[in-house]
Structures are given as structure tokens and as C-alpha cells.
Amino acid sequence: MTHETRLRAKSDAPPARERLPWPRRSRRGLITVLLTAAVVAFVLVGILAIYSRVQTSIGTQSVQSVLTAAEAALRRAYASQPQYDANLTEVLWSAMPSNAIQGTGANREIVTPWGGEIFAGGGDTPDDDGTGTASNNRFFITILNLPEAACENLAQGYLNRAEVVGLDVEGAGATAFTQVNTAAQIQAFDSVAEIVTECDGDDDDKFAVVFRG
């Protein structure tokens, strides 16, 4: 094959396929960093969400233990008394686990893991500070500043119990309990749906449970 023939054959051949250039090394490094950061952020968000749920569950169990101990302590203390006193919170101080007590002496408070206070009083009209009325057959316990999930789980646990006369649940922004004020209203909260509606978030939900003495 002559030189002229070789040149003609080369010119008749299909053009070589162009190779796309790879990103520069610095650009590839930046893309890798961004992808890694996105994955890490996604994982961290998931971990924080799980951690929050676990902490709320642990806190809810802790408060439930306090409520159970408080109910038992009041029944025991007033088993031979003609009536429950109006203010019962101080009666509970010595019966509470140490992690539920804040302060010392006469300045003690019963608190939840979220810092909300727990009060107790006599009668069937719950109050935000445990100021009740002397009663021969009723007492209440109130829990303030609860996260939504804790409010729902705790209140639902007292539905349809023989020793419970009534429940009152209030959501964000409520300044006082309103449902358990009269005999006609005392059973106002008697379903999960009603409790879920009232426990509406912002970590300042509250509920009260009225017990039969």
C-alpha cells in the first residue's frame, strides 16, 4: 500500500469517539465532600429523632412511676382520716423518689424530667397549684408542662379505670383546667380521640386525674 493509499484509507475511516473529560481532581474532591456531608446530616437527623423519642419514653415512664407512688401514698396517709385535706402536695414530699424532688425543706417541689411541677389536692376540681378543697371521697393530681407524646400516653393510661372519677387535659396556652368543674363535666374526657385533640404540643400540655377516695 502506497503512502497515498494509506492517507486516503485514514481519511475514509469514521472519526474517533471523543472522550468526555473527567472532572478535575479538586472538583471530584468537592463533590465527594458534599455527598458525605449530606449523608452524615441525614443520619444525624435520624439519630436525633430516635434519641428524642427514647428520652420522651423514658421520661413518661418516670412520671408514671411518680404518679403511681403519689396515689398510693395519699391513700395510705388518709386511710383512717375522715377526709382529704385541701392541699396534699406536701404530704407527698417524703414519698417521692429523690430524682423527682427539687429544692429542700419547705421549698421542695415535685417535678417531672421536663421541669414541670406535680401537685395534689382534695376534691374533684383540679387546680394548677394543688389548691383543692377538703373532701371525704375525692383527690386529684395535676402534672404541668408535658411534651405532647407524654401528655397523650399518661392521660390515656387513666381511661376506664375504676378508681378514676375523671380526667382533664389542656393543651398549649391553657391557663387553667376547665373541664372538671361540675359533676356534669367530670367525665368530659372519656376517649383517646379527645385526649389527642387536647395534647397539642409546645411542651406545655398538662393533665389532671381525679381519683375516687
# chains A, B, ... in the order shown; residues from 1 in each chain; ligands from 1
call {"tool": "select_by_dssp", "arguments": {"residues": "region 43-208 of chain A", "states": "strand (DSSP E or B)", "output": "PyMOL selection string"}}
result
chain A and resi 84+87+101-102+109-111+117-122+135+138-146+164-170+205-208
call {"tool": "write_last_selection", "arguments": {"atoms": "N, CA, C and O atoms", "output": "short mmCIF file (atom, residue, chain, number, x, y, z; two decimals), in the first residue's frame"}}
result
data_model
loop_
_atom_site.label_atom_id
_atom_site.label_comp_id
_atom_site.auth_asym_id
_atom_site.auth_seq_id
_atom_site.Cartn_x
_atom_site.Cartn_y
_atom_site.Cartn_z
N TYR A 84 -59.91 14.04 102.90
CA TYR A 84 -58.64 14.50 102.32
C TYR A 84 -58.54 16.01 102.53
O TYR A 84 -59.52 16.73 102.36
N ASN A 87 -54.98 20.84 100.41
CA ASN A 87 -53.67 20.83 99.75
C ASN A 87 -52.90 19.60 100.20
O ASN A 87 -52.60 19.44 101.38
N ILE A 101 -37.69 15.22 93.30
CA ILE A 101 -37.76 16.32 94.26
C ILE A 101 -36.71 17.36 93.93
O ILE A 101 -35.53 17.06 93.73
N GLN A 102 -37.14 18.61 93.90
CA GLN A 102 -36.24 19.74 93.65
C GLN A 102 -36.36 20.70 94.82
O GLN A 102 -37.45 21.01 95.28
N GLU A 109 -40.20 20.93 95.69
CA GLU A 109 -41.17 20.81 94.61
C GLU A 109 -41.07 19.42 94.02
O GLU A 109 -39.98 18.83 93.96
N ILE A 110 -42.19 18.89 93.58
CA ILE A 110 -42.20 17.61 92.86
C ILE A 110 -42.19 17.95 91.37
O ILE A 110 -43.07 18.69 90.89
N VAL A 111 -41.20 17.46 90.65
CA VAL A 111 -41.03 17.86 89.25
C VAL A 111 -40.92 16.64 88.34
O VAL A 111 -40.55 15.55 88.76
N GLU A 117 -44.10 20.97 87.20
CA GLU A 117 -44.41 20.57 88.57
C GLU A 117 -45.60 19.62 88.64
O GLU A 117 -46.44 19.58 87.75
N ILE A 118 -45.63 18.87 89.73
CA ILE A 118 -46.72 17.94 90.02
C ILE A 118 -47.33 18.37 91.35
O ILE A 118 -46.62 18.56 92.34
N PHE A 119 -48.66 18.53 91.36
CA PHE A 119 -49.37 18.94 92.56
C PHE A 119 -50.48 17.95 92.88
O PHE A 119 -50.94 17.21 92.01
N ALA A 120 -50.93 18.00 94.14
CA ALA A 120 -52.07 17.18 94.55
C ALA A 120 -52.96 17.98 95.48
O ALA A 120 -52.49 18.84 96.24
N GLY A 121 -54.26 17.72 95.40
CA GLY A 121 -55.20 18.42 96.26
C GLY A 121 -56.46 17.61 96.47
O GLY A 121 -56.72 16.64 95.76
N GLY A 122 -57.27 18.02 97.43
CA GLY A 122 -58.51 17.33 97.70
C GLY A 122 -59.63 17.85 96.82
O GLY A 122 -59.55 18.94 96.26
N SER A 135 -62.22 17.09 101.09
CA SER A 135 -63.22 16.17 100.56
C SER A 135 -63.11 14.81 101.24
O SER A 135 -62.01 14.36 101.56
N ARG A 138 -62.71 12.37 97.40
CA ARG A 138 -62.07 12.73 96.14
C ARG A 138 -60.71 13.40 96.38
O ARG A 138 -60.55 14.19 97.31
N PHE A 139 -59.75 13.12 95.50
CA PHE A 139 -58.50 13.87 95.47
C PHE A 139 -57.98 13.86 94.04
O PHE A 139 -58.35 13.01 93.24
N PHE A 140 -57.13 14.82 93.71
CA PHE A 140 -56.62 14.93 92.34
C PHE A 140 -55.11 15.12 92.34
O PHE A 140 -54.51 15.55 93.32
N ILE A 141 -54.51 14.78 91.20
CA ILE A 141 -53.09 15.02 90.95
C ILE A 141 -52.98 15.72 89.60
O ILE A 141 -53.59 15.28 88.62
N THR A 142 -52.22 16.80 89.54
CA THR A 142 -52.03 17.53 88.28
C THR A 142 -50.56 17.48 87.88
O THR A 142 -49.67 17.51 88.72
N ILE A 143 -50.32 17.44 86.58
CA ILE A 143 -48.96 17.42 86.03
C ILE A 143 -48.88 18.49 84.96
O ILE A 143 -49.68 18.51 84.02
N LEU A 144 -47.90 19.38 85.08
CA LEU A 144 -47.78 20.53 84.19
C LEU A 144 -46.61 20.39 83.21
O LEU A 144 -45.65 19.65 83.47
N ASN A 145 -46.69 21.14 82.11
CA ASN A 145 -45.60 21.29 81.13
C ASN A 145 -45.07 19.96 80.60
O ASN A 145 -43.89 19.63 80.74
N LEU A 146 -45.95 19.23 79.97
CA LEU A 146 -45.59 17.94 79.39
C LEU A 146 -45.43 18.04 77.88
O LEU A 146 -46.18 18.76 77.22
N VAL A 164 -60.68 5.93 88.99
CA VAL A 164 -60.58 7.27 88.41
C VAL A 164 -61.99 7.83 88.17
O VAL A 164 -62.80 7.22 87.48
N VAL A 165 -62.24 8.99 88.74
CA VAL A 165 -63.53 9.64 88.57
C VAL A 165 -63.56 10.43 87.27
O VAL A 165 -64.57 10.47 86.57
N GLY A 166 -62.47 11.11 86.94
CA GLY A 166 -62.45 11.90 85.72
C GLY A 166 -61.07 12.37 85.35
O GLY A 166 -60.13 12.29 86.14
N LEU A 167 -60.94 12.86 84.12
CA LEU A 167 -59.69 13.40 83.60
C LEU A 167 -59.93 14.79 83.05
O LEU A 167 -61.02 15.10 82.57
N ASP A 168 -58.90 15.61 83.11
CA ASP A 168 -58.94 16.90 82.42
C ASP A 168 -57.61 17.08 81.72
O ASP A 168 -56.55 16.90 82.33
N VAL A 169 -57.65 17.41 80.43
CA VAL A 169 -56.43 17.59 79.65
C VAL A 169 -56.50 18.95 78.98
O VAL A 169 -57.53 19.31 78.40
N GLU A 170 -55.43 19.71 79.06
CA GLU A 170 -55.39 21.04 78.45
C GLU A 170 -54.12 21.19 77.63
O GLU A 170 -53.04 20.80 78.06
N ASP A 205 -48.28 21.09 77.60
CA ASP A 205 -49.54 20.41 77.86
C ASP A 205 -49.61 20.02 79.33
O ASP A 205 -48.59 19.88 80.00
N LYS A 206 -50.82 19.81 79.81
CA LYS A 206 -50.98 19.40 81.20
C LYS A 206 -52.23 18.54 81.33
O LYS A 206 -53.15 18.62 80.51
N PHE A 207 -52.23 17.72 82.35
CA PHE A 207 -53.43 16.93 82.60
C PHE A 207 -53.60 16.69 84.09
O PHE A 207 -52.65 16.77 84.88
N ALA A 208 -54.83 16.44 84.47
CA ALA A 208 -55.16 16.16 85.86
C ALA A 208 -56.01 14.90 85.91
O ALA A 208 -56.82 14.65 85.01
#
call {"tool": "residues_around", "arguments": {"residues": "region 93-99 of chain A", "least_positions_apart": "6", "cutoff": "8 Å", "atoms": "only C-alpha atoms", "output": "PyMOL selection string"}}
result
chain A and resi 66+69-70+73+108-110
call {"tool": "residues_around", "arguments": {"residues": "Gly157 (chain A)", "least_positions_apart": "4", "cutoff": "10 Å", "atoms": "only C-alpha atoms", "output": "number ranges by chain"}}
result
A: 64, 152-153, 161, 192
